[in-house]
>>> print(open('query.pdb').read())   # PDB, C-alpha atoms and all ligand atoms
ATOM      1  CA  MET A   1       0.000   0.000   0.000
ATOM      2  CA  LYS A   2       1.088   3.530  -0.686
ATOM      3  CA  ASP A   3       0.842   6.686   1.352
ATOM      4  CA  THR A   4      -0.074   9.540  -0.976
ATOM      5  CA  ASP A   5      -0.704  13.292  -0.732
ATOM      6  CA  LYS A   6      -4.396  12.489  -0.752
ATOM      7  CA  HIS A   7      -3.996  10.323   2.353
ATOM      8  CA  ARG A   8      -1.904  12.994   4.064
ATOM      9  CA  GLY A   9      -4.582  15.579   3.284
ATOM     10  CA  LEU A  10      -7.278  13.346   4.752
ATOM     11  CA  ARG A  11      -5.150  12.813   7.866
ATOM     12  CA  ASN A  12      -4.750  16.546   8.366
ATOM     13  CA  GLN A  13      -8.527  16.919   8.165
ATOM     14  CA  LEU A  14      -8.906  14.137  10.726
ATOM     15  CA  VAL A  15      -6.435  15.875  13.044
ATOM     16  CA  SER A  16      -8.413  19.141  12.759
ATOM     17  CA  LEU A  17     -11.545  17.230  13.733
ATOM     18  CA  LEU A  18      -9.783  15.641  16.739
ATOM     19  CA  LYS A  19      -8.707  19.122  17.875
ATOM     20  CA  GLU A  20     -12.309  20.341  17.571
ATOM     21  CA  LYS A  21     -13.388  17.363  19.671
ATOM     22  CA  GLY A  22     -10.974  18.416  22.420
ATOM     23  CA  ILE A  23      -7.691  16.538  21.872
ATOM     24  CA  VAL A  24      -4.916  18.938  22.928
ATOM     25  CA  ASP A  25      -1.742  16.825  23.233
ATOM     26  CA  LYS A  26       0.463  18.080  20.380
ATOM     27  CA  ASN A  27       2.596  14.930  20.236
ATOM     28  CA  VAL A  28      -0.490  12.750  19.944
ATOM     29  CA  LEU A  29      -1.951  14.948  17.179
ATOM     30  CA  ALA A  30       1.356  14.986  15.268
ATOM     31  CA  THR A  31       1.586  11.209  15.511
ATOM     32  CA  ILE A  32      -1.908  10.730  14.124
ATOM     33  CA  ALA A  33      -1.018  13.126  11.309
ATOM     34  CA  ASN A  34       2.023  10.954  10.510
ATOM     35  CA  ILE A  35       0.782   7.375  10.677
ATOM     36  CA  PRO A  36      -1.014   5.992   7.604
ATOM     37  CA  ARG A  37      -4.100   4.507   9.285
ATOM     38  CA  HIS A  38      -5.170   2.970   5.968
ATOM     39  CA  PHE A  39      -2.234   0.526   6.269
ATOM     40  CA  PHE A  40      -4.082  -1.038   9.214
ATOM     41  CA  LEU A  41      -7.302  -1.766   7.294
ATOM     42  CA  ASP A  42      -7.677  -4.323   4.532
ATOM     43  CA  SER A  43      -7.093  -2.768   1.142
ATOM     44  CA  GLY A  44     -10.397  -1.770  -0.387
ATOM     45  CA  PHE A  45     -11.434  -0.047   2.821
ATOM     46  CA  GLU A  46      -8.905   2.758   2.626
ATOM     47  CA  ASN A  47     -11.653   5.325   2.035
ATOM     48  CA  PHE A  48     -12.892   4.587   5.533
ATOM     49  CA  ALA A  49      -9.508   4.974   7.194
ATOM     50  CA  TYR A  50      -9.707   8.721   7.815
ATOM     51  CA  GLN A  51     -13.258   8.914   9.057
ATOM     52  CA  ASP A  52     -13.500   9.237  12.803
ATOM     53  CA  LYS A  53     -15.053   5.802  13.148
ATOM     54  CA  ALA A  54     -14.262   2.335  14.447
ATOM     55  CA  PHE A  55     -14.092  -0.216  11.632
ATOM     56  CA  PRO A  56     -14.264  -4.046  11.394
ATOM     57  CA  ILE A  57     -10.872  -5.787  11.094
ATOM     58  CA  GLY A  58     -12.171  -9.385  10.984
ATOM     59  CA  GLU A  59     -12.683 -11.960  13.757
ATOM     60  CA  GLU A  60     -15.544  -9.763  15.072
ATOM     61  CA  GLN A  61     -13.017  -7.148  16.186
ATOM     62  CA  THR A  62     -12.620  -3.477  15.340
ATOM     63  CA  ILE A  63      -9.850  -0.930  14.932
ATOM     64  CA  SER A  64     -10.650   1.723  17.565
ATOM     65  CA  GLN A  65     -12.069   5.079  16.488
ATOM     66  CA  PRO A  66      -9.275   7.662  15.970
ATOM     67  CA  TYR A  67     -10.800   9.925  18.641
ATOM     68  CA  THR A  68     -10.693   7.047  21.130
ATOM     69  CA  VAL A  69      -7.068   6.232  20.256
ATOM     70  CA  ALA A  70      -6.143   9.909  20.677
ATOM     71  CA  PHE A  71      -8.099  10.254  23.935
ATOM     72  CA  GLN A  72      -6.659   7.137  25.561
ATOM     73  CA  THR A  73      -3.120   7.963  24.407
ATOM     74  CA  GLN A  74      -3.446  11.484  25.786
ATOM     75  CA  LEU A  75      -4.552  10.030  29.135
ATOM     76  CA  LEU A  76      -1.378   7.894  29.310
ATOM     77  CA  GLU A  77       0.772  11.082  29.542
ATOM     78  CA  LEU A  78       3.614   9.129  27.937
ATOM     79  CA  LYS A  79       7.250  10.106  28.098
ATOM     80  CA  LYS A  80       9.855   8.820  25.646
ATOM     81  CA  GLY A  81      11.454   5.555  26.644
ATOM     82  CA  GLN A  82       8.675   4.518  29.013
ATOM     83  CA  LYS A  83       7.473   0.927  29.168
ATOM     84  CA  VAL A  84       3.850   0.613  28.088
ATOM     85  CA  LEU A  85       1.657  -2.477  28.068
ATOM     86  CA  GLU A  86      -1.248  -2.562  25.614
ATOM     87  CA  ILE A  87      -4.080  -5.072  26.055
ATOM     88  CA  GLY A  88      -5.749  -5.879  22.703
ATOM     89  CA  THR A  89      -3.240  -5.451  19.851
ATOM     90  CA  GLY A  90      -6.039  -5.781  17.277
ATOM     91  CA  SER A  91      -5.067  -4.025  14.051
ATOM     92  CA  GLY A  92      -1.797  -2.727  15.522
ATOM     93  CA  TYR A  93      -2.723   0.914  14.938
ATOM     94  CA  GLN A  94      -2.631   1.886  18.613
ATOM     95  CA  THR A  95       0.623  -0.092  18.940
ATOM     96  CA  ALA A  96       2.064   1.977  16.082
ATOM     97  CA  VAL A  97       0.972   5.227  17.751
ATOM     98  CA  LEU A  98       2.658   4.240  21.038
ATOM     99  CA  PHE A  99       5.830   3.171  19.209
ATOM    100  CA  ALA A 100       5.960   6.444  17.251
ATOM    101  CA  LEU A 101       5.726   8.356  20.543
ATOM    102  CA  GLY A 102       8.943   6.676  21.632
ATOM    103  CA  ALA A 103       7.503   4.139  24.069
ATOM    104  CA  HIS A 104       8.836   0.634  24.614
ATOM    105  CA  VAL A 105       5.662  -1.180  23.705
ATOM    106  CA  TYR A 106       4.482  -4.570  24.951
ATOM    107  CA  SER A 107       1.162  -5.755  23.557
ATOM    108  CA  ILE A 108      -1.119  -8.767  24.062
ATOM    109  CA  GLU A 109      -3.780 -10.161  21.705
ATOM    110  CA  ARG A 110      -5.989 -13.179  22.447
ATOM    111  CA  GLN A 111      -7.195 -13.773  18.873
ATOM    112  CA  ASN A 112      -4.561 -15.956  17.194
ATOM    113  CA  LYS A 113      -5.408 -15.019  13.594
ATOM    114  CA  LEU A 114      -5.280 -11.315  14.375
ATOM    115  CA  PHE A 115      -2.120 -11.767  16.432
ATOM    116  CA  LYS A 116      -0.295 -13.419  13.519
ATOM    117  CA  LYS A 117      -1.601 -11.040  10.869
ATOM    118  CA  THR A 118      -0.755  -7.924  12.878
ATOM    119  CA  LYS A 119       2.691  -9.196  13.909
ATOM    120  CA  LYS A 120       3.566  -9.578  10.231
ATOM    121  CA  LEU A 121       2.078  -6.197   9.307
ATOM    122  CA  LEU A 122       4.057  -4.365  12.001
ATOM    123  CA  GLU A 123       7.263  -6.111  10.876
ATOM    124  CA  ASN A 124       6.600  -5.091   7.272
ATOM    125  CA  LEU A 125       6.017  -1.491   8.322
ATOM    126  CA  GLY A 126       9.235  -1.373  10.380
ATOM    127  CA  ILE A 127       7.286  -0.848  13.612
ATOM    128  CA  ARG A 128       9.172  -2.588  16.401
ATOM    129  CA  PRO A 129       7.332  -3.126  19.660
ATOM    130  CA  LYS A 130       9.566  -4.702  22.329
ATOM    131  CA  HIS A 131       7.260  -7.668  22.635
ATOM    132  CA  LEU A 132       4.049  -8.960  21.021
ATOM    133  CA  SER A 133       2.311 -11.697  22.920
ATOM    134  CA  PHE A 134      -0.490 -14.106  22.056
ATOM    135  CA  GLY A 135      -2.461 -14.660  25.230
ATOM    136  CA  ASP A 136      -4.911 -13.414  27.806
ATOM    137  CA  GLY A 137      -4.566  -9.752  28.655
ATOM    138  CA  TYR A 138      -6.340 -10.240  31.993
ATOM    139  CA  LYS A 139      -3.059 -11.759  33.181
ATOM    140  CA  GLY A 140      -0.835  -8.974  31.860
ATOM    141  CA  LEU A 141       2.828  -9.832  31.289
ATOM    142  CA  PRO A 142       4.301 -10.618  34.718
ATOM    143  CA  ASP A 143       7.694 -11.520  33.199
ATOM    144  CA  HIS A 144       8.086  -8.004  31.786
ATOM    145  CA  ALA A 145       6.481  -6.014  34.633
ATOM    146  CA  PRO A 146       6.422  -3.403  36.066
ATOM    147  CA  PHE A 147       5.124  -0.938  33.448
ATOM    148  CA  ASP A 148       5.022   2.857  33.452
ATOM    149  CA  SER A 149       1.546   2.634  32.011
ATOM    150  CA  ILE A 150      -1.031   0.158  30.784
ATOM    151  CA  ILE A 151      -3.707   0.796  28.168
ATOM    152  CA  VAL A 152      -6.665  -1.554  27.756
ATOM    153  CA  THR A 153      -8.303  -1.237  24.335
ATOM    154  CA  ALA A 154     -11.340  -3.475  24.946
ATOM    155  CA  GLY A 155     -14.265  -2.982  27.343
ATOM    156  CA  ALA A 156     -13.407  -4.542  30.706
ATOM    157  CA  PRO A 157     -16.241  -5.716  33.004
ATOM    158  CA  ILE A 158     -13.832  -5.530  35.972
ATOM    159  CA  ILE A 159     -10.373  -4.132  36.682
ATOM    160  CA  PRO A 160      -7.978  -7.077  36.250
ATOM    161  CA  GLN A 161      -6.002  -7.354  39.502
ATOM    162  CA  ALA A 162      -2.910  -8.554  37.615
ATOM    163  CA  LEU A 163      -2.774  -5.272  35.690
ATOM    164  CA  MET A 164      -2.928  -3.211  38.885
ATOM    165  CA  ALA A 165      -0.124  -5.316  40.337
ATOM    166  CA  GLN A 166       2.066  -4.783  37.246
ATOM    167  CA  LEU A 167       1.934  -0.975  37.390
ATOM    168  CA  LYS A 168       4.889   1.056  38.711
ATOM    169  CA  ILE A 169       4.287   3.490  41.588
ATOM    170  CA  GLY A 170       3.156   6.693  39.850
ATOM    171  CA  GLY A 171       2.066   4.635  36.812
ATOM    172  CA  ARG A 172      -1.260   4.994  35.017
ATOM    173  CA  LEU A 173      -3.765   2.336  33.976
ATOM    174  CA  VAL A 174      -6.150   3.597  31.270
ATOM    175  CA  ILE A 175      -9.116   1.239  31.059
ATOM    176  CA  PRO A 176     -12.670   1.459  29.689
ATOM    177  CA  LEU A 177     -14.800  -0.110  32.428
ATOM    178  CA  GLY A 178     -18.243  -1.622  31.967
ATOM    179  CA  GLU A 179     -20.282  -4.174  30.023
ATOM    180  CA  ASP A 180     -22.460  -2.557  27.311
ATOM    181  CA  VAL A 181     -21.133   0.975  27.710
ATOM    182  CA  GLN A 182     -17.786   1.742  29.309
ATOM    183  CA  GLU A 183     -16.616   4.587  31.517
ATOM    184  CA  MET A 184     -13.097   5.651  30.514
ATOM    185  CA  THR A 185     -11.195   5.261  33.757
ATOM    186  CA  VAL A 186      -7.657   6.152  34.824
ATOM    187  CA  LEU A 187      -6.110   4.556  37.897
ATOM    188  CA  ILE A 188      -2.923   6.166  39.159
ATOM    189  CA  ARG A 189      -0.835   4.050  41.487
ATOM    190  CA  LYS A 190       0.017   6.108  44.579
ATOM    191  CA  ASN A 191       1.906   3.434  46.520
ATOM    192  CA  GLU A 192       1.935  -0.339  47.033
ATOM    193  CA  THR A 193      -1.712  -0.475  48.038
ATOM    194  CA  GLN A 194      -3.436   2.765  46.992
ATOM    195  CA  PHE A 195      -4.773   3.845  43.618
ATOM    196  CA  GLU A 196      -6.396   7.145  42.680
ATOM    197  CA  LYS A 197      -9.369   6.866  40.307
ATOM    198  CA  HIS A 198     -10.448   9.394  37.664
ATOM    199  CA  GLU A 199     -13.344   9.064  35.195
ATOM    200  CA  PHE A 200     -13.610  10.587  31.717
ATOM    201  CA  GLY A 201     -17.014   9.778  30.251
ATOM    202  CA  GLU A 202     -18.640   7.047  28.209
ATOM    203  CA  PHE A 203     -17.164   5.066  25.320
ATOM    204  CA  ARG A 204     -18.083   1.857  23.508
ATOM    205  CA  PHE A 205     -15.599  -0.964  22.942
ATOM    206  CA  VAL A 206     -15.698  -4.613  21.908
ATOM    207  CA  PRO A 207     -15.509  -6.731  25.092
ATOM    208  CA  LEU A 208     -12.345  -7.814  26.862
ATOM    209  CA  LEU A 209     -12.870 -11.579  26.782
ATOM    210  CA  GLU A 210     -11.426 -14.260  28.997
ATOM    211  CA  ASN A 211      -9.827 -17.476  27.669
ATOM    212  CA  LYS A 212      -8.052 -17.284  24.362
ATOM    213  CA  ASN A 213      -9.222 -19.158  21.234
TER     214      ASN A 213
HETATM  215  N1  LIG A 301      -5.865  -1.500  19.894
HETATM  216  C1  LIG A 301      -6.677  -2.110  18.869
HETATM  217  C2  LIG A 301      -8.100  -2.277  19.338
HETATM  218  C3  LIG A 301      -8.682  -3.538  18.839
HETATM  219  S1  LIG A 301     -10.256  -3.983  19.517
HETATM  220  C4  LIG A 301      -6.600  -1.340  17.575
HETATM  221  O1  LIG A 301      -6.206  -0.166  17.592
HETATM  222  O2  LIG A 301      -6.917  -1.885  16.523
HETATM  223  C5  LIG A 301      -9.821  -4.863  20.974
HETATM  224  C6  LIG A 301      -8.900  -6.055  20.802
HETATM  225  O3  LIG A 301      -8.782  -6.682  22.093
HETATM  226  C7  LIG A 301      -9.401  -7.145  19.849
HETATM  227  O4  LIG A 301      -8.418  -7.406  18.881
HETATM  228  C8  LIG A 301      -9.633  -8.351  20.772
HETATM  229  O5  LIG A 301      -9.365  -9.598  20.145
HETATM  230  C9  LIG A 301      -8.661  -8.070  21.901
HETATM  231  N2  LIG A 301      -8.971  -8.725  23.161
HETATM  232  C10 LIG A 301     -10.180  -8.980  23.720
HETATM  233  N3  LIG A 301     -10.025  -9.597  24.908
HETATM  234  C11 LIG A 301      -8.683  -9.739  25.109
HETATM  235  C12 LIG A 301      -7.887 -10.312  26.152
HETATM  236  N4  LIG A 301      -8.428 -10.869  27.242
HETATM  237  N5  LIG A 301      -6.541 -10.278  26.020
HETATM  238  C13 LIG A 301      -5.944  -9.720  24.935
HETATM  239  N6  LIG A 301      -6.647  -9.171  23.923
HETATM  240  C14 LIG A 301      -8.002  -9.181  23.999
END
>>> encode(input="query.pdb", output="structure tokens")
Amino acid sequence: MKDTDKHRGLRNQLVSLLKEKGIVDKNVLATIANIPRHFFLDSGFENFAYQDKAFPIGEEQTISQPYTVAFQTQLLELKKGQKVLEIGTGSGYQTAVLFALGAHVYSIERQNKLFKKTKKLLENLGIRPKHLSFGDGYKGLPDHAPFDSIIVTAGAPIIPQALMAQLKIGGRLVIPLGEDVQEMTVLIRKNETQFEKHEFGEFRFVPLLENKN
């Protein structure tokens, strides 16, 4: 697939829309302006890539809406070189955004077909997360913990205890919480036992499922 002036123009329009919708983090906006989102959709759907919409990526999963990607990434308050764990690799677009922001990215996907397809895509695009894992995100990645931040990109009915345990002191867990509709929630780890909770309004995600296929 190619990245053309037309695509770049559409991305700039998308970035303007994200600004209108309240995204203020300049690094996040610049990253969205840079990354060809159409590379993460099957060819034939590239006209949909720069609409601010979620889109099917097969296996009943979706690539998150650009606004949601921008909003969650902004909430992470990432600094270069930080270790970030993503739950739900999906299309790899959010992974690419985190990588472009200079994070050391670890990501878990429970759908084997998507895991394999996205691993190959990221390799082909020269996007190099530290670690891509096929498995259950509820468990996190204890062997690679602790993380500066954790982003969950599927709707979680509960806060997985393992993810709280794998967060550094001062670290942030960004997680959409709820069954049908999710409340975007940030937990900041204050010390070994205490977490501060902040809520940022309603979003809709595909569910965070237990047990991999
Ligand atoms: N970050 C992705 C969002 C994909 S949708 C993107 O930008 O495209 C959410 C993803 O979470 C799906 O791919 C789904 O298969 C995955 N998922 C659901 N439950 C999971 C779990 N328990 N562990 C890991 N991944 C999970």
>>> closest_atom_pairs(input="query.pdb", of="chain A", to="ligand LIG 301 (chain A)", cutoff="9 Å", atoms="all atoms listed in the file", output="JSON lines")
{"residue": "A:Phe40", "atom": "CA", "partner": "A:LIG301", "partner_atom": "O2", "distance": 7.9}
{"residue": "A:Ala54", "atom": "CA", "partner": "A:LIG301", "partner_atom": "O2", "distance": 8.7}
{"residue": "A:Phe55", "atom": "CA", "partner": "A:LIG301", "partner_atom": "O2", "distance": 8.8}
{"residue": "A:Ile57", "atom": "CA", "partner": "A:LIG301", "partner_atom": "O2", "distance": 7.8}
{"residue": "A:Gly58", "atom": "CA", "partner": "A:LIG301", "partner_atom": "O4", "distance": 9.0}
{"residue": "A:Glu59", "atom": "CA", "partner": "A:LIG301", "partner_atom": "O5", "distance": 7.6}
{"residue": "A:Glu60", "atom": "CA", "partner": "A:LIG301", "partner_atom": "O5", "distance": 8.0}
{"residue": "A:Gln61", "atom": "CA", "partner": "A:LIG301", "partner_atom": "C7", "distance": 5.1}
{"residue": "A:Thr62", "atom": "CA", "partner": "A:LIG301", "partner_atom": "S1", "distance": 4.8}
{"residue": "A:Ile63", "atom": "CA", "partner": "A:LIG301", "partner_atom": "O2", "distance": 3.5}
{"residue": "A:Ser64", "atom": "CA", "partner": "A:LIG301", "partner_atom": "O1", "distance": 4.8}
{"residue": "A:Gln65", "atom": "CA", "partner": "A:LIG301", "partner_atom": "O1", "distance": 7.9}
{"residue": "A:Pro66", "atom": "CA", "partner": "A:LIG301", "partner_atom": "O1", "distance": 8.6}
{"residue": "A:Val69", "atom": "CA", "partner": "A:LIG301", "partner_atom": "O1", "distance": 7.0}
{"residue": "A:Glu86", "atom": "CA", "partner": "A:LIG301", "partner_atom": "N1", "distance": 7.4}
{"residue": "A:Ile87", "atom": "CA", "partner": "A:LIG301", "partner_atom": "C13", "distance": 5.1}
{"residue": "A:Gly88", "atom": "CA", "partner": "A:LIG301", "partner_atom": "O3", "distance": 3.2}
{"residue": "A:Thr89", "atom": "CA", "partner": "A:LIG301", "partner_atom": "N1", "distance": 4.7}
{"residue": "A:Gly90", "atom": "CA", "partner": "A:LIG301", "partner_atom": "O4", "distance": 3.3}
{"residue": "A:Ser91", "atom": "CA", "partner": "A:LIG301", "partner_atom": "O2", "distance": 3.8}
{"residue": "A:Gly92", "atom": "CA", "partner": "A:LIG301", "partner_atom": "O2", "distance": 5.3}
{"residue": "A:Tyr93", "atom": "CA", "partner": "A:LIG301", "partner_atom": "O1", "distance": 4.5}
{"residue": "A:Gln94", "atom": "CA", "partner": "A:LIG301", "partner_atom": "O1", "distance": 4.2}
{"residue": "A:Thr95", "atom": "CA", "partner": "A:LIG301", "partner_atom": "N1", "distance": 6.7}
{"residue": "A:Ala96", "atom": "CA", "partner": "A:LIG301", "partner_atom": "O1", "distance": 8.7}
{"residue": "A:Val97", "atom": "CA", "partner": "A:LIG301", "partner_atom": "O1", "distance": 9.0}
{"residue": "A:Ser107", "atom": "CA", "partner": "A:LIG301", "partner_atom": "C13", "distance": 8.3}
{"residue": "A:Ile108", "atom": "CA", "partner": "A:LIG301", "partner_atom": "C13", "distance": 5.0}
{"residue": "A:Glu109", "atom": "CA", "partner": "A:LIG301", "partner_atom": "N6", "distance": 3.8}
{"residue": "A:Arg110", "atom": "CA", "partner": "A:LIG301", "partner_atom": "C13", "distance": 4.3}
{"residue": "A:Gln111", "atom": "CA", "partner": "A:LIG301", "partner_atom": "O5", "distance": 4.9}
{"residue": "A:Asn112", "atom": "CA", "partner": "A:LIG301", "partner_atom": "O5", "distance": 8.5}
{"residue": "A:Leu114", "atom": "CA", "partner": "A:LIG301", "partner_atom": "O4", "distance": 6.7}
{"residue": "A:Phe115", "atom": "CA", "partner": "A:LIG301", "partner_atom": "O4", "distance": 8.0}
{"residue": "A:Ser133", "atom": "CA", "partner": "A:LIG301", "partner_atom": "C13", "distance": 8.7}
{"residue": "A:Phe134", "atom": "CA", "partner": "A:LIG301", "partner_atom": "C13", "distance": 7.6}
{"residue": "A:Gly135", "atom": "CA", "partner": "A:LIG301", "partner_atom": "N5", "distance": 6.0}
{"residue": "A:Asp136", "atom": "CA", "partner": "A:LIG301", "partner_atom": "N5", "distance": 4.0}
{"residue": "A:Gly137", "atom": "CA", "partner": "A:LIG301", "partner_atom": "N5", "distance": 3.3}
{"residue": "A:Tyr138", "atom": "CA", "partner": "A:LIG301", "partner_atom": "N4", "distance": 5.2}
{"residue": "A:Lys139", "atom": "CA", "partner": "A:LIG301", "partner_atom": "N4", "distance": 8.1}
{"residue": "A:Gly140", "atom": "CA", "partner": "A:LIG301", "partner_atom": "N5", "distance": 8.3}
{"residue": "A:Ile151", "atom": "CA", "partner": "A:LIG301", "partner_atom": "N1", "distance": 8.9}
{"residue": "A:Val152", "atom": "CA", "partner": "A:LIG301", "partner_atom": "N1", "distance": 7.9}
{"residue": "A:Thr153", "atom": "CA", "partner": "A:LIG301", "partner_atom": "N1", "distance": 5.1}
{"residue": "A:Ala154", "atom": "CA", "partner": "A:LIG301", "partner_atom": "C5", "distance": 4.5}
{"residue": "A:Gly155", "atom": "CA", "partner": "A:LIG301", "partner_atom": "C5", "distance": 8.0}
{"residue": "A:Ala156", "atom": "CA", "partner": "A:LIG301", "partner_atom": "N3", "distance": 8.4}
{"residue": "A:Phe205", "atom": "CA", "partner": "A:LIG301", "partner_atom": "S1", "distance": 7.0}
{"residue": "A:Val206", "atom": "CA", "partner": "A:LIG301", "partner_atom": "C5", "distance": 6.0}
{"residue": "A:Pro207", "atom": "CA", "partner": "A:LIG301", "partner_atom": "C10", "distance": 5.9}
{"residue": "A:Leu208", "atom": "CA", "partner": "A:LIG301", "partner_atom": "N3", "distance": 3.5}
{"residue": "A:Leu209", "atom": "CA", "partner": "A:LIG301", "partner_atom": "N3", "distance": 3.9}
{"residue": "A:Glu210", "atom": "CA", "partner": "A:LIG301", "partner_atom": "N4", "distance": 4.9}
{"residue": "A:Asn211", "atom": "CA", "partner": "A:LIG301", "partner_atom": "N4", "distance": 6.8}
{"residue": "A:Lys212", "atom": "CA", "partner": "A:LIG301", "partner_atom": "N4", "distance": 7.0}
>>> residues_near_point(input="query.pdb", point="(-5.1, 1.0, 39.8)", cutoff="12 Å", atoms="all atoms listed in the file", output="PyMOL selection string")
chain A and resi 149-151+158-175+185-198
>>> closest_residue(input="query.pdb", among="A:Pro157, A:Pro146, A:Arg204, A:Val181", to="A:Lys53", atoms="only C-alpha atoms")
A:Arg204
>>> resolve_selection(input="query.pdb", expression="the PyMOL selection byres (((chain A and resi 4-13) around 10) and not hetatm)", output="PyMOL selection string")
chain A and resi 1-3+14-19+29-30+32-38+46-47+49-51
>>> axis_aligned_box(input="query.pdb", around="stretch 156-168 of chain A", padding_each_side="4 Å", output="lines of an AutoDock Vina configuration file")
center_x = -5.7
center_y = -3.7
center_z = 35.5
size_x = 29.1
size_y = 17.6
size_z = 17.6
>>> closest_residue(input="query.pdb", among="A:His104, A:Leu122, A:Gly81, A:Thr68", to="A:Phe203", atoms="all atoms listed in the file")
A:Thr68
>>> atom_distance(input="query.pdb", atom1="atom CA of A:Phe48", atom2="atom CA of A:Gly178")
27.7 Å
>>> build_atoms(input="query.pdb", residues="stretch 106-112 of chain A", atoms="all heavy atoms", output="PDB file, in the frame of the given file")
ATOM      1  N   TYR A 106       4.794  -3.151  24.771  1.00  0.00           N
ATOM      2  CA  TYR A 106       4.482  -4.570  24.951  1.00  0.00           C
ATOM      3  C   TYR A 106       2.993  -4.676  24.669  1.00  0.00           C
ATOM      4  O   TYR A 106       2.222  -3.845  25.148  1.00  0.00           O
ATOM      5  CB  TYR A 106       4.780  -5.003  26.386  1.00  0.00           C
ATOM      6  CG  TYR A 106       6.245  -4.885  26.755  1.00  0.00           C
ATOM      7  CD1 TYR A 106       6.830  -3.633  26.944  1.00  0.00           C
ATOM      8  CD2 TYR A 106       7.031  -6.012  26.873  1.00  0.00           C
ATOM      9  CE1 TYR A 106       8.178  -3.519  27.247  1.00  0.00           C
ATOM     10  CE2 TYR A 106       8.389  -5.907  27.177  1.00  0.00           C
ATOM     11  CZ  TYR A 106       8.958  -4.652  27.356  1.00  0.00           C
ATOM     12  OH  TYR A 106      10.293  -4.532  27.649  1.00  0.00           O
ATOM     13  N   SER A 107       2.574  -5.687  23.889  1.00  0.00           N
ATOM     14  CA  SER A 107       1.162  -5.755  23.557  1.00  0.00           C
ATOM     15  C   SER A 107       0.688  -7.200  23.533  1.00  0.00           C
ATOM     16  O   SER A 107       1.429  -8.098  23.121  1.00  0.00           O
ATOM     17  CB  SER A 107       0.921  -5.071  22.198  1.00  0.00           C
ATOM     18  OG  SER A 107      -0.461  -4.972  21.934  1.00  0.00           O
ATOM     19  N   ILE A 108      -0.546  -7.407  23.979  1.00  0.00           N
ATOM     20  CA  ILE A 108      -1.119  -8.767  24.062  1.00  0.00           C
ATOM     21  C   ILE A 108      -2.402  -8.841  23.235  1.00  0.00           C
ATOM     22  O   ILE A 108      -3.244  -7.948  23.320  1.00  0.00           O
ATOM     23  CB  ILE A 108      -1.505  -9.138  25.522  1.00  0.00           C
ATOM     24  CG1 ILE A 108      -0.362  -8.838  26.487  1.00  0.00           C
ATOM     25  CG2 ILE A 108      -1.910 -10.601  25.607  1.00  0.00           C
ATOM     26  CD1 ILE A 108      -0.716  -9.147  27.947  1.00  0.00           C
ATOM     27  N   GLU A 109      -2.554  -9.922  22.478  1.00  0.00           N
ATOM     28  CA  GLU A 109      -3.780 -10.161  21.705  1.00  0.00           C
ATOM     29  C   GLU A 109      -4.215 -11.606  21.921  1.00  0.00           C
ATOM     30  O   GLU A 109      -3.399 -12.521  21.856  1.00  0.00           O
ATOM     31  CB  GLU A 109      -3.518  -9.879  20.211  1.00  0.00           C
ATOM     32  CG  GLU A 109      -4.642 -10.248  19.267  1.00  0.00           C
ATOM     33  CD  GLU A 109      -5.974  -9.593  19.619  1.00  0.00           C
ATOM     34  OE1 GLU A 109      -6.025  -8.361  19.740  1.00  0.00           O
ATOM     35  OE2 GLU A 109      -6.973 -10.334  19.770  1.00  0.00           O
ATOM     36  N   ARG A 110      -5.523 -11.820  22.159  1.00  0.00           N
ATOM     37  CA  ARG A 110      -5.989 -13.179  22.447  1.00  0.00           C
ATOM     38  C   ARG A 110      -6.515 -13.918  21.215  1.00  0.00           C
ATOM     39  O   ARG A 110      -6.798 -15.107  21.276  1.00  0.00           O
ATOM     40  CB  ARG A 110      -7.091 -13.164  23.514  1.00  0.00           C
ATOM     41  CG  ARG A 110      -8.402 -12.635  23.015  1.00  0.00           C
ATOM     42  CD  ARG A 110      -9.472 -12.686  24.084  1.00  0.00           C
ATOM     43  NE  ARG A 110     -10.147 -13.973  24.144  1.00  0.00           N
ATOM     44  CZ  ARG A 110     -11.015 -14.405  23.241  1.00  0.00           C
ATOM     45  NH1 ARG A 110     -11.300 -13.688  22.193  1.00  0.00           N
ATOM     46  NH2 ARG A 110     -11.612 -15.564  23.380  1.00  0.00           N
ATOM     47  N   GLN A 111      -6.670 -13.177  20.104  1.00  0.00           N
ATOM     48  CA  GLN A 111      -7.195 -13.773  18.873  1.00  0.00           C
ATOM     49  C   GLN A 111      -6.002 -14.187  18.002  1.00  0.00           C
ATOM     50  O   GLN A 111      -5.287 -13.325  17.484  1.00  0.00           O
ATOM     51  CB  GLN A 111      -7.984 -12.689  18.138  1.00  0.00           C
ATOM     52  CG  GLN A 111      -9.451 -12.932  18.039  1.00  0.00           C
ATOM     53  CD  GLN A 111      -9.753 -14.114  17.164  1.00  0.00           C
ATOM     54  OE1 GLN A 111      -8.947 -14.467  16.298  1.00  0.00           O
ATOM     55  NE2 GLN A 111     -10.891 -14.724  17.380  1.00  0.00           N
ATOM     56  N   ASN A 112      -5.795 -15.505  17.828  1.00  0.00           N
ATOM     57  CA  ASN A 112      -4.561 -15.956  17.194  1.00  0.00           C
ATOM     58  C   ASN A 112      -4.387 -15.459  15.757  1.00  0.00           C
ATOM     59  O   ASN A 112      -3.301 -15.058  15.353  1.00  0.00           O
ATOM     60  CB  ASN A 112      -4.481 -17.482  17.260  1.00  0.00           C
ATOM     61  CG  ASN A 112      -3.040 -17.961  17.123  1.00  0.00           C
ATOM     62  OD1 ASN A 112      -2.101 -17.151  17.215  1.00  0.00           O
ATOM     63  ND2 ASN A 112      -2.853 -19.234  16.899  1.00  0.00           N
TER      64      ASN A 112
END
